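**Q** What follows is model.tsv; its format and atoms are TSV, C-alpha atoms and all ligand atoms.
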```tsv
chain	number	residue	atom	x	y	z
A	1	MET	CA	-126.44	-15.58	153.49
A	2	HIS	CA	-125.42	-13.34	156.37
A	3	THR	CA	-126.98	-10.03	157.31
A	4	ILE	CA	-124.51	-7.47	158.60
A	5	TRP	CA	-126.14	-4.56	160.42
A	6	LEU	CA	-123.93	-1.50	160.37
A	7	ILE	CA	-124.66	0.82	163.26
A	8	ARG	CA	-123.37	4.31	163.85
A	9	SER	CA	-122.53	5.49	167.31
A	10	HIS	CA	-123.85	9.04	167.75
A	11	GLU	CA	-120.50	10.88	167.45
A	12	TYR	CA	-119.71	9.30	164.05
A	13	SER	CA	-121.04	11.47	161.24
A	14	ALA	CA	-124.06	10.13	159.38
A	15	GLU	CA	-122.54	11.24	156.09
A	16	LYS	CA	-119.35	9.20	156.55
A	17	PHE	CA	-121.40	6.29	157.81
A	18	TRP	CA	-123.51	6.23	154.64
A	19	GLU	CA	-120.45	6.51	152.44
A	20	VAL	CA	-118.99	3.39	154.04
A	21	LEU	CA	-122.28	1.52	153.74
A	22	GLU	CA	-122.72	2.51	150.08
A	23	LEU	CA	-119.20	1.37	149.30
A	24	LEU	CA	-119.79	-2.05	150.88
A	25	LYS	CA	-123.11	-2.43	149.07
A	26	THR	CA	-121.42	-2.14	145.67
A	27	PHE	CA	-119.96	-5.65	146.15
A	28	GLN	CA	-122.34	-8.57	145.59
A	29	GLY	CA	-122.35	-11.81	147.54
A	30	PRO	CA	-123.75	-13.64	150.55
A	31	LEU	CA	-122.81	-10.83	152.96
A	32	GLN	CA	-125.72	-8.36	152.91
A	33	PHE	CA	-124.90	-4.98	154.41
A	34	ARG	CA	-127.85	-3.15	155.94
A	35	THR	CA	-128.67	-0.47	158.45
A	36	GLN	CA	-131.43	0.42	160.86
A	37	GLU	CA	-132.04	4.15	160.80
A	38	LYS	CA	-131.54	4.40	164.55
A	39	HIS	CA	-128.05	5.21	165.82
A	40	LEU	CA	-126.61	4.04	169.11
A	41	GLU	CA	-125.69	6.33	171.95
A	42	ILE	CA	-122.95	5.29	174.34
A	43	PRO	CA	-123.91	6.78	177.73
A	44	GLN	CA	-121.86	9.83	178.66
A	45	ASP	CA	-120.91	8.36	182.05
A	46	GLN	CA	-119.24	5.43	180.30
A	47	LEU	CA	-116.82	7.69	178.46
A	48	GLU	CA	-113.44	8.22	180.02
A	49	GLU	CA	-111.75	11.43	178.98
A	50	VAL	CA	-108.05	10.85	178.43
A	51	PRO	CA	-105.59	13.70	177.84
A	52	PHE	CA	-103.14	12.99	175.05
A	53	GLU	CA	-99.98	13.84	176.95
A	54	THR	CA	-100.69	11.07	179.44
A	55	ILE	CA	-100.20	8.36	176.86
A	56	ASP	CA	-97.25	6.19	177.81
A	57	LEU	CA	-95.77	5.39	174.44
A	58	ASP	CA	-93.83	2.32	175.52
A	59	SER	CA	-96.81	0.60	176.98
A	60	GLN	CA	-98.86	1.49	173.88
A	61	LYS	CA	-96.54	-0.40	171.61
A	62	LEU	CA	-98.35	-3.69	171.75
A	63	GLU	CA	-101.69	-2.08	171.19
A	64	PRO	CA	-102.83	-2.50	167.67
A	65	MET	CA	-104.36	0.91	167.36
A	66	VAL	CA	-102.69	4.23	167.52
A	67	VAL	CA	-99.32	5.54	168.60
A	68	TYR	CA	-99.82	9.07	167.49
A	69	GLU	CA	-96.25	10.27	167.78
A	70	LYS	CA	-95.08	7.65	165.33
A	71	ILE	CA	-96.85	9.28	162.39
A	72	SER	CA	-94.21	9.99	159.80
A	73	ASN	CA	-93.05	13.60	159.61
A	74	SER	CA	-94.75	14.21	156.30
A	75	MET	CA	-98.11	13.56	157.96
A	76	VAL	CA	-97.61	15.51	161.14
A	77	GLN	CA	-98.38	18.74	159.40
A	78	TYR	CA	-101.91	17.56	158.58
A	79	PHE	CA	-102.66	16.17	161.96
A	80	GLU	CA	-103.23	18.00	165.21
A	81	PRO	CA	-103.97	15.43	167.87
A	82	PRO	CA	-107.01	16.54	169.85
A	83	PRO	CA	-106.19	17.64	173.42
A	84	SER	CA	-108.06	14.64	174.71
A	85	TYR	CA	-110.09	11.75	173.43
A	86	HIS	CA	-112.77	9.44	174.76
A	87	LYS	CA	-112.14	5.91	175.73
A	88	VAL	CA	-114.80	3.25	176.31
A	89	SER	CA	-114.54	-0.20	177.82
A	90	TRP	CA	-115.14	-3.22	175.61
A	91	GLU	CA	-117.82	-4.34	178.01
A	92	THR	CA	-119.76	-1.11	177.48
A	93	ILE	CA	-119.40	-1.31	173.70
A	94	PHE	CA	-120.61	-4.88	173.48
A	95	ASP	CA	-123.36	-4.44	176.08
A	96	GLN	CA	-124.65	-1.52	174.03
A	97	CYS	CA	-124.57	-3.64	170.87
A	98	GLN	CA	-126.46	-6.42	172.62
A	99	GLU	CA	-129.10	-4.00	173.94
A	100	TYR	CA	-129.49	-2.60	170.45
A	101	ARG	CA	-129.90	-6.12	169.12
A	102	THR	CA	-132.71	-6.80	171.58
A	103	SER	CA	-134.51	-3.50	171.16
A	104	GLN	CA	-134.35	-3.62	167.35
A	105	ARG	CA	-135.20	-7.34	167.27
A	106	ILE	CA	-132.08	-8.31	165.36
A	107	SER	CA	-131.58	-12.07	165.11
A	108	GLU	CA	-128.72	-13.72	167.03
A	109	ASN	CA	-127.40	-15.02	163.70
A	110	ASP	CA	-127.02	-11.56	162.21
A	111	PHE	CA	-123.90	-9.51	162.68
A	112	ILE	CA	-123.86	-6.10	164.33
A	113	VAL	CA	-120.91	-3.88	163.49
A	114	LEU	CA	-120.71	-0.68	165.50
A	115	LEU	CA	-118.76	2.14	163.87
A	116	THR	CA	-117.45	4.48	166.52
A	117	GLU	CA	-115.08	7.42	166.84
A	118	HIS	CA	-114.38	6.56	170.47
A	119	SER	CA	-111.20	4.80	171.36
A	120	ASN	CA	-111.46	1.66	173.46
A	121	GLU	CA	-109.71	0.27	176.49
A	122	TYR	CA	-107.22	-1.89	174.58
A	123	GLY	CA	-106.88	0.53	171.70
A	124	TRP	CA	-107.88	-1.95	168.99
A	125	PHE	CA	-108.94	-1.02	165.48
A	126	THR	CA	-111.58	-3.67	165.47
A	127	ALA	CA	-112.66	-6.47	167.78
A	128	GLY	CA	-115.40	-8.99	168.39
A	129	ASP	CA	-117.49	-9.63	171.48
A	130	PRO	CA	-115.50	-11.94	173.80
A	131	LYS	CA	-118.82	-13.38	175.01
A	132	GLY	CA	-119.26	-14.91	171.58
A	133	GLN	CA	-122.21	-12.89	170.30
A	134	ARG	CA	-121.94	-11.63	166.77
A	135	ASN	CA	-121.16	-8.08	167.89
A	136	LEU	CA	-118.17	-6.28	166.44
A	137	PHE	CA	-116.85	-2.76	166.43
A	138	VAL	CA	-114.62	-0.77	164.10
A	139	HIS	CA	-112.81	2.35	165.21
A	140	THR	CA	-113.40	5.13	162.67
A	141	ALA	CA	-111.28	8.07	163.83
A	142	PHE	CA	-108.02	9.45	162.43
A	143	TRP	CA	-107.68	7.02	159.53
A	144	GLU	CA	-107.10	9.70	156.91
A	145	HIS	CA	-104.10	10.78	158.87
A	146	TYR	CA	-102.18	7.57	158.88
A	147	THR	CA	-103.23	5.58	155.85
A	148	GLY	CA	-103.23	8.82	153.85
A	149	SER	CA	-106.41	7.81	152.07
A	150	ASP	CA	-110.14	8.19	151.87
A	151	HIS	CA	-111.73	7.31	155.25
A	152	ARG	CA	-114.10	4.81	153.62
A	153	TYR	CA	-111.41	2.32	152.66
A	154	PRO	CA	-109.84	1.41	156.00
A	155	VAL	CA	-113.23	1.39	157.73
A	156	ALA	CA	-114.87	-0.83	155.10
A	157	TYR	CA	-111.81	-3.09	155.10
A	158	HIS	CA	-112.00	-3.59	158.84
A	159	VAL	CA	-115.74	-4.28	158.72
A	160	VAL	CA	-115.29	-7.23	156.36
A	161	SER	CA	-112.11	-8.51	157.94
A	162	ALA	CA	-113.78	-8.48	161.37
A	163	VAL	CA	-116.74	-10.45	160.01
A	164	LEU	CA	-114.51	-13.01	158.29
A	165	LYS	CA	-112.42	-13.45	161.45
A	166	ARG	CA	-115.58	-14.01	163.47
A	167	LEU	CA	-116.67	-16.68	160.98
A	168	THR	CA	-113.26	-18.38	161.11
A	169	PHE	CA	-112.20	-18.29	164.74
A	170	THR	CA	-114.16	-19.52	167.73
A	171	ASN	CA	-112.68	-17.27	170.43
A	172	TYR	CA	-109.73	-15.04	171.30
A	173	SER	CA	-107.24	-17.77	172.18
A	174	ASP	CA	-108.07	-19.49	168.91
A	175	LEU	CA	-107.60	-16.20	167.05
A	176	ASN	CA	-104.32	-15.45	168.85
A	177	ALA	CA	-102.93	-18.83	167.90
A	178	TYR	CA	-103.25	-17.94	164.22
A	179	LEU	CA	-102.61	-14.19	163.98
A	180	HIS	CA	-99.30	-13.47	162.27
A	181	LYS	CA	-96.91	-11.63	164.56
A	182	GLU	CA	-94.68	-10.93	161.53
A	183	ALA	CA	-96.54	-9.02	158.85
A	184	ARG	CA	-96.96	-10.97	155.62
A	185	GLY	CA	-99.55	-8.81	153.92
A	186	CYS	CA	-102.37	-11.07	155.12
A	187	MET	CA	-105.70	-10.07	156.62
A	188	ASN	CA	-104.67	-11.92	159.79
A	189	ASP	CA	-101.52	-9.88	160.37
A	190	PHE	CA	-101.46	-8.48	163.85
A	191	CYS	CA	-100.80	-4.80	163.23
A	192	ALA	CA	-98.94	-3.36	166.18
A	193	GLU	CA	-97.82	-0.32	164.24
A	194	LYS	CA	-99.78	2.01	162.05
A	195	LYS	CA	-97.26	1.83	159.26
A	196	LYS	CA	-98.12	-1.83	158.93
A	197	VAL	CA	-101.80	-1.03	158.64
A	198	SER	CA	-101.04	0.82	155.51
A	199	LEU	CA	-99.09	-2.20	154.23
A	200	LYS	CA	-102.05	-4.44	154.98
A	201	LEU	CA	-104.39	-2.30	152.91
A	202	ARG	CA	-102.01	-2.08	149.99
A	203	THR	CA	-101.25	-5.76	149.75
A	204	ALA	CA	-104.82	-6.69	150.70
A	205	ASP	CA	-104.69	-10.43	150.68
A	206	ILE	CA	-105.28	-13.64	152.58
A	207	CYS	CA	-102.21	-15.89	152.78
A	208	PRO	CA	-102.32	-19.58	151.69
A	209	ALA	CA	-102.04	-20.83	155.29
A	210	CYS	CA	-105.12	-18.83	156.29
A	211	MET	CA	-106.98	-19.98	153.17
A	212	ASP	CA	-106.29	-23.59	154.15
A	213	LEU	CA	-107.45	-22.97	157.66
A	214	MET	CA	-110.72	-21.43	156.49
A	215	ASP	CA	-111.26	-24.37	154.17
A	216	ARG	CA	-110.73	-26.86	156.97
A	217	ARG	CA	-113.18	-24.92	159.09
A	218	ASN	CA	-115.81	-24.87	156.34
A	219	VAL	CA	-116.05	-21.12	155.99
A	220	ASP	CA	-118.40	-20.56	153.04
A	221	ARG	CA	-116.26	-20.06	149.95
A	222	ALA	CA	-118.72	-17.55	148.52
A	223	VAL	CA	-118.15	-15.40	151.62
A	224	ILE	CA	-114.37	-15.63	151.19
A	225	ARG	CA	-114.71	-14.69	147.52
A	226	GLN	CA	-116.84	-11.69	148.39
A	227	VAL	CA	-114.44	-10.54	151.11
A	228	LEU	CA	-111.52	-10.91	148.69
A	229	SER	CA	-113.33	-8.96	146.02
A	230	ILE	CA	-114.08	-6.21	148.55
A	231	ILE	CA	-110.50	-5.92	149.79
A	232	GLU	CA	-109.10	-6.15	146.27
A	233	GLY	CA	-111.61	-3.59	145.09
A	234	ILE	CA	-110.65	-1.29	147.94
A	235	ARG	CA	-106.95	-1.74	147.18
A	236	ASP	CA	-107.47	-1.03	143.46
A	237	GLN	CA	-109.51	2.07	144.24
A	238	MET	CA	-106.87	3.32	146.67
A	239	LEU	CA	-104.04	2.71	144.22
A	240	PHE	CA	-105.96	4.34	141.40
A	241	LYS	CA	-106.61	7.40	143.54
A	242	SER	CA	-103.02	7.77	144.68
A	243	ARG	CA	-101.79	7.46	141.07
A	244	TRP	CA	-104.53	9.84	140.03
A	245	LYS	CA	-102.98	12.58	142.17
A	246	LEU	CA	-99.82	12.36	140.03
A	247	ASP	CA	-101.47	11.70	136.70
A	248	PRO	CA	-105.13	12.72	136.70
A	249	LYS	CA	-106.62	10.48	134.04
A	250	PRO	CA	-110.22	9.40	134.54
A	251	PRO	CA	-110.97	5.74	135.25
A	252	LYS	CA	-112.14	3.66	132.28
A	253	LEU	CA	-115.83	2.90	131.98
A	254	GLN	CA	-117.18	-0.35	130.64
A	255	VAL	CA	-120.78	-0.69	129.45
A	256	LYS	CA	-121.28	-4.41	129.66
A	257	GLY	CA	-123.73	-6.93	128.23
A	258	GLU	CA	-127.37	-6.70	127.27
A	259	SER	CA	-128.33	-5.10	130.54
A	260	LYS	CA	-125.63	-2.45	129.97
A	261	ARG	CA	-124.01	-2.78	133.36
A	262	ILE	CA	-121.95	0.27	134.29
A	263	ILE	CA	-118.56	-0.96	135.47
A	264	PHE	CA	-115.26	0.72	136.31
A	265	PRO	CA	-112.58	-1.96	135.75
A	266	ASP	CA	-109.73	0.22	137.11
A	267	LEU	CA	-111.55	0.53	140.40
A	268	GLY	CA	-111.72	-3.14	141.26
A	269	SER	CA	-114.60	-3.70	138.78
A	270	LEU	CA	-116.76	-1.32	140.74
A	271	GLU	CA	-120.34	-1.39	139.44
A	272	VAL	CA	-122.66	1.59	139.71
A	273	LYS	CA	-126.28	0.48	139.91
A	274	PHE	CA	-128.79	2.62	138.08
A	275	THR	CA	-132.49	1.95	137.66
A	276	PRO	CA	-133.40	1.19	134.02
A	277	LEU	CA	-134.68	4.75	133.52
A	278	GLU	CA	-131.64	6.38	135.10
A	279	LYS	CA	-129.43	4.17	132.98
A	280	THR	CA	-131.38	5.13	129.86
A	281	LEU	CA	-130.69	8.79	130.47
A	282	PHE	CA	-127.05	8.15	131.38
A	283	LEU	CA	-126.46	6.15	128.18
A	284	LEU	CA	-128.12	8.85	126.09
A	285	TYR	CA	-125.73	11.46	127.49
A	286	LEU	CA	-122.84	9.08	126.96
A	287	ASN	CA	-123.85	8.80	123.29
A	288	HIS	CA	-123.81	12.59	122.91
A	289	PRO	CA	-120.49	14.16	123.88
A	290	GLU	CA	-121.73	17.49	122.49
A	291	GLY	CA	-124.24	17.68	125.34
A	292	ILE	CA	-128.02	17.96	125.51
A	293	LYS	CA	-130.17	20.67	127.06
A	294	LEU	CA	-133.04	19.52	129.24
A	295	VAL	CA	-135.51	21.21	126.89
A	296	GLU	CA	-134.04	19.31	123.94
A	297	LEU	CA	-134.73	15.88	125.41
A	298	ASN	CA	-137.95	15.71	123.44
A	299	ASP	CA	-135.91	15.59	120.22
A	300	PHE	CA	-134.18	12.44	121.47
A	301	LYS	CA	-137.36	10.51	122.18
A	302	PRO	CA	-136.77	7.78	119.58
A	303	GLU	CA	-133.29	7.11	120.91
A	304	LEU	CA	-134.51	7.15	124.52
A	305	LYS	CA	-137.24	4.66	123.64
A	306	ARG	CA	-134.83	2.38	121.86
A	307	ILE	CA	-132.43	2.33	124.83
A	308	TYR	CA	-135.17	1.92	127.41
A	309	ALA	CA	-136.91	-0.88	125.47
A	310	GLY	CA	-133.69	-2.89	125.82
A	311	LEU	CA	-133.49	-2.30	129.57
A	312	TYR	CA	-137.14	-2.37	130.62
A	313	ASN	CA	-137.76	-5.39	132.82
A	314	GLY	CA	-141.46	-4.95	133.58
A	315	SER	CA	-144.35	-6.81	132.01
A	316	ASP	CA	-146.28	-3.99	130.35
A	317	PRO	CA	-144.62	-2.78	127.10
A	318	ALA	CA	-146.95	0.23	127.05
A	319	MET	CA	-145.09	1.53	130.08
A	320	VAL	CA	-141.99	2.13	127.95
A	321	GLU	CA	-143.92	4.73	126.00
A	322	VAL	CA	-145.39	6.33	129.12
A	323	SER	CA	-142.10	6.56	131.00
A	324	ILE	CA	-140.19	7.97	128.07
A	325	ASP	CA	-142.93	10.54	127.39
A	326	SER	CA	-142.54	11.80	130.90
A	327	LEU	CA	-138.73	11.62	130.86
A	328	SER	CA	-138.51	13.68	127.70
A	329	ASN	CA	-141.01	16.32	128.69
A	330	PRO	CA	-139.28	18.66	131.16
A	331	TRP	CA	-142.12	21.21	130.95
A	332	LYS	CA	-144.60	18.80	132.45
A	333	THR	CA	-142.60	16.66	134.85
A	334	ASN	CA	-139.43	16.67	136.91
A	335	SER	CA	-138.63	13.14	135.83
A	336	ALA	CA	-135.45	13.99	133.91
A	337	SER	CA	-133.96	16.39	136.43
A	338	GLU	CA	-134.73	14.02	139.30
A	339	LYS	CA	-133.00	11.24	137.45
A	340	LEU	CA	-130.02	13.45	136.61
A	341	SER	CA	-129.54	14.32	140.26
A	342	ARG	CA	-129.81	10.68	141.28
A	343	ILE	CA	-127.24	9.74	138.62
A	344	LYS	CA	-124.93	12.37	140.01
A	345	SER	CA	-125.29	11.31	143.62
A	346	LYS	CA	-124.88	7.61	142.83
A	347	LEU	CA	-121.68	8.34	140.92
A	348	ILE	CA	-120.34	10.54	143.71
A	349	HIS	CA	-121.11	7.85	146.27
A	350	ALA	CA	-119.36	5.20	144.25
A	351	LEU	CA	-116.36	7.13	142.89
A	352	GLY	CA	-115.90	10.10	145.20
A	353	THR	CA	-116.36	13.70	144.01
A	354	ASP	CA	-113.00	13.98	142.27
A	355	LEU	CA	-113.53	11.03	139.90
A	356	ALA	CA	-117.31	11.30	139.57
A	357	GLN	CA	-117.12	14.72	137.94
A	358	PHE	CA	-115.95	13.12	134.68
A	359	TYR	CA	-119.04	10.95	134.46
A	360	TYR	CA	-122.20	12.73	135.46
A	361	PRO	CA	-123.93	15.05	133.00
A	362	LYS	CA	-122.82	18.51	134.09
A	363	GLY	CA	-124.20	21.91	133.18
A	364	GLU	CA	-126.30	24.83	134.36
A	365	ASN	CA	-130.07	24.60	134.11
A	366	ALA	CA	-130.64	26.21	130.75
A	367	GLU	CA	-127.39	25.06	129.18
A	368	ALA	CA	-126.45	21.79	127.56
A	369	ARG	CA	-125.40	19.17	130.06
A	370	LYS	CA	-122.55	16.92	129.09
A	371	ILE	CA	-120.57	14.01	130.34
A	372	GLU	CA	-117.05	15.32	130.26
A	373	VAL	CA	-115.00	12.15	129.86
A	374	GLU	CA	-113.18	11.61	126.55
A	375	ARG	CA	-115.11	8.81	124.86
A	376	GLU	CA	-111.89	6.84	124.25
A	377	TRP	CA	-112.16	5.92	127.97
A	378	VAL	CA	-115.53	4.28	127.38
A	379	GLU	CA	-115.73	0.72	126.16
A	380	TYR	CA	-118.83	-1.24	125.10
A	381	SER	CA	-118.45	-4.96	125.61
A	382	GLU	CA	-120.43	-8.23	125.47
B	1	ZN	ZN	-102.51	-15.38	156.85
```
What's the structure tokens form of this structure?

**A**
Amino acid sequence: MHTIWLIRSHEYSAEKFWEVLELLKTFQGPLQFRTQEKHLEIPQDQLEEVPFETIDLDSQKLEPMVVYEKISNSMVQYFEPPPSYHKVSWETIFDQCQEYRTSQRISENDFIVLLTEHSNEYGWFTAGDPKGQRNLFVHTAFWEHYTGSDHRYPVAYHVVSAVLKRLTFTNYSDLNAYLHKEARGCMNDFCAEKKKVSLKLRTADICPACMDLMDRRNVDRAVIRQVLSIIEGIRDQMLFKSRWKLDPKPPKLQVKGESKRIIFPDLGSLEVKFTPLEKTLFLLYLNHPEGIKLVELNDFKPELKRIYAGLYNGSDPAMVEVSIDSLSNPWKTNSASEKLSRIKSKLIHALGTDLAQFYYPKGENAEARKIEVEREWVEYSE
């Protein structure tokens, strides 16, 4: 088990930060992604302001991060480079992480991953603390503009790949000895050009040579499996979304097993976690394509009870009755509308607004709310 503390540096938006964290949390395994509420502030006097026109493109070539002018023409129209950007030294970044670790009493065994919009002295996407502490950073800016996708995917990808590299390699010379200078679609490709970053995300894999190496070095297989399921999940979600732009069909939904897990197989088996009561309401709406008004919920009490009795995991059967009474009585309690808004926000977090709209019960207050998706896209399985 490893705890990975994601930390936001102050200029990175809290909203984007939470979207990345929520995405990572949808994948189960020994890597536990957490956050402390407190963000980290890189001191103003440590920021070097660099005007864009001073970038020497030739000398930037070996830097794995950004050569802005190389963005393909089709993307230039979306992207105005800022007149200047802020650069920070690695030493400052990692010193700040270490101070944070001390002040928040984070164990030396836990990972800290700082997400920051600031560029860094060597222009890397992601790097680990050369002093050997488990401090890492991931650069969060401009991704939309050169992978052409949702910002969450490249950032989440680099979080897990940085952690796995830190677990595999002992230091930078060790890492350099194994990085692939020629891209082979492996996590350990050294990406000197942005175009290749996009390749890395699309092929999302670990090559057999790197698998062997990790085996020899006793990297926990459960960690490797989790990392693979995250990068495969991210790739599937990205591919689904880019196809979706051409052919907007909703993703399939699977309701699986006795506990009625809510899974989207097209999106890398993404699972949306509802509480038993939220799930009860969600399944009721799924059963009724015609829609249900809030005030009609009382008429569906027997069905609600039946669903909830199958999902209830507490020890007091009388609670089933109590909870369903309150869920189906919108005059007395807010239970149903609270749960509906939590269902909506969980789906939006997991699927993004564009895909989520097919799956949360939609409708104005007094009208019937319905889940829009055609029920042929919904499959019930063992
Ligand atoms: Zn490899």

**Q** Within 9 Å of (-118.4, 12.2, 162.4) (file coordinates; all atoms listed in the file), which protein or nucleic acid residues are there? I'd like them as an MDAnalysis selection string.

**A** chainID A and resid 10:17 116:117 140:141

**Q** Taking all atoms of range 32-50 of chain A that appear in the file, build a box with edges along x, y and z, extend it by 4 Å on every side, and state its centre and edge lengths in Å to one decimal, as AutoDock Vina command-line options.

**A**
```
--center_x -120.0 --center_y 1.5 --center_z 167.5 --size_x 32.0 --size_y 27.8 --size_z 37.1
```

**Q** So that I can see what lies close to Gly352 in chain A, please list as a list in words the residues with an atom at most 10 Å from it, counting all atoms listed in the file and leaving out residues fewer than 6 positions away in the same chain.

**A**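 Answer for this query is Glu19, Asp150, Lys241, Ser345 and Lys346 of chain A.
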
**Q** Measuring between only C-alpha atoms and all ligand atoms, which one of A:Lys301, A:Lys260, A:Lys87, A:His180 shows the shortest distance to ligand ZN 1 (chain B)?

**A**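 Among the listed residues, A:His180 lies closest to ligand ZN 1 (chain B).
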
**Q** For chain A versus ligand ZN 1 (chain B), which residues have an atom no more than 8 Å away, and what is each residue's nearest atom pair and distance in Å rounded to one decimal, using all atoms listed in the file, chain-then-number order, as a tab-separated table?

**A**
```
residue	atom	partner	partner_atom	distance
A:Tyr178	CA	B:ZN1	ZN	7.8
A:Leu179	CA	B:ZN1	ZN	7.2
A:His180	CA	B:ZN1	ZN	6.6
A:Arg184	CA	B:ZN1	ZN	7.2
A:Gly185	CA	B:ZN1	ZN	7.8
A:Cys186	CA	B:ZN1	ZN	4.6
A:Met187	CA	B:ZN1	ZN	6.2
A:Asn188	CA	B:ZN1	ZN	5.0
A:Asp189	CA	B:ZN1	ZN	6.6
A:Ile206	CA	B:ZN1	ZN	5.4
A:Cys207	CA	B:ZN1	ZN	4.1
A:Pro208	CA	B:ZN1	ZN	6.7
A:Ala209	CA	B:ZN1	ZN	5.7
A:Cys210	CA	B:ZN1	ZN	4.4
A:Met211	CA	B:ZN1	ZN	7.4
```

**Q** Which residues are close to Gln28 in chain A, i.e. within 10 Å by all atoms listed in the file, leaving aside same-chain residues fewer than 4 positions away? Reply as a list in words.

**A** Leu24, Gln32, Phe33, Arg225, Gln226, Val227, Ser229, Ile230 and Glu271 of chain A
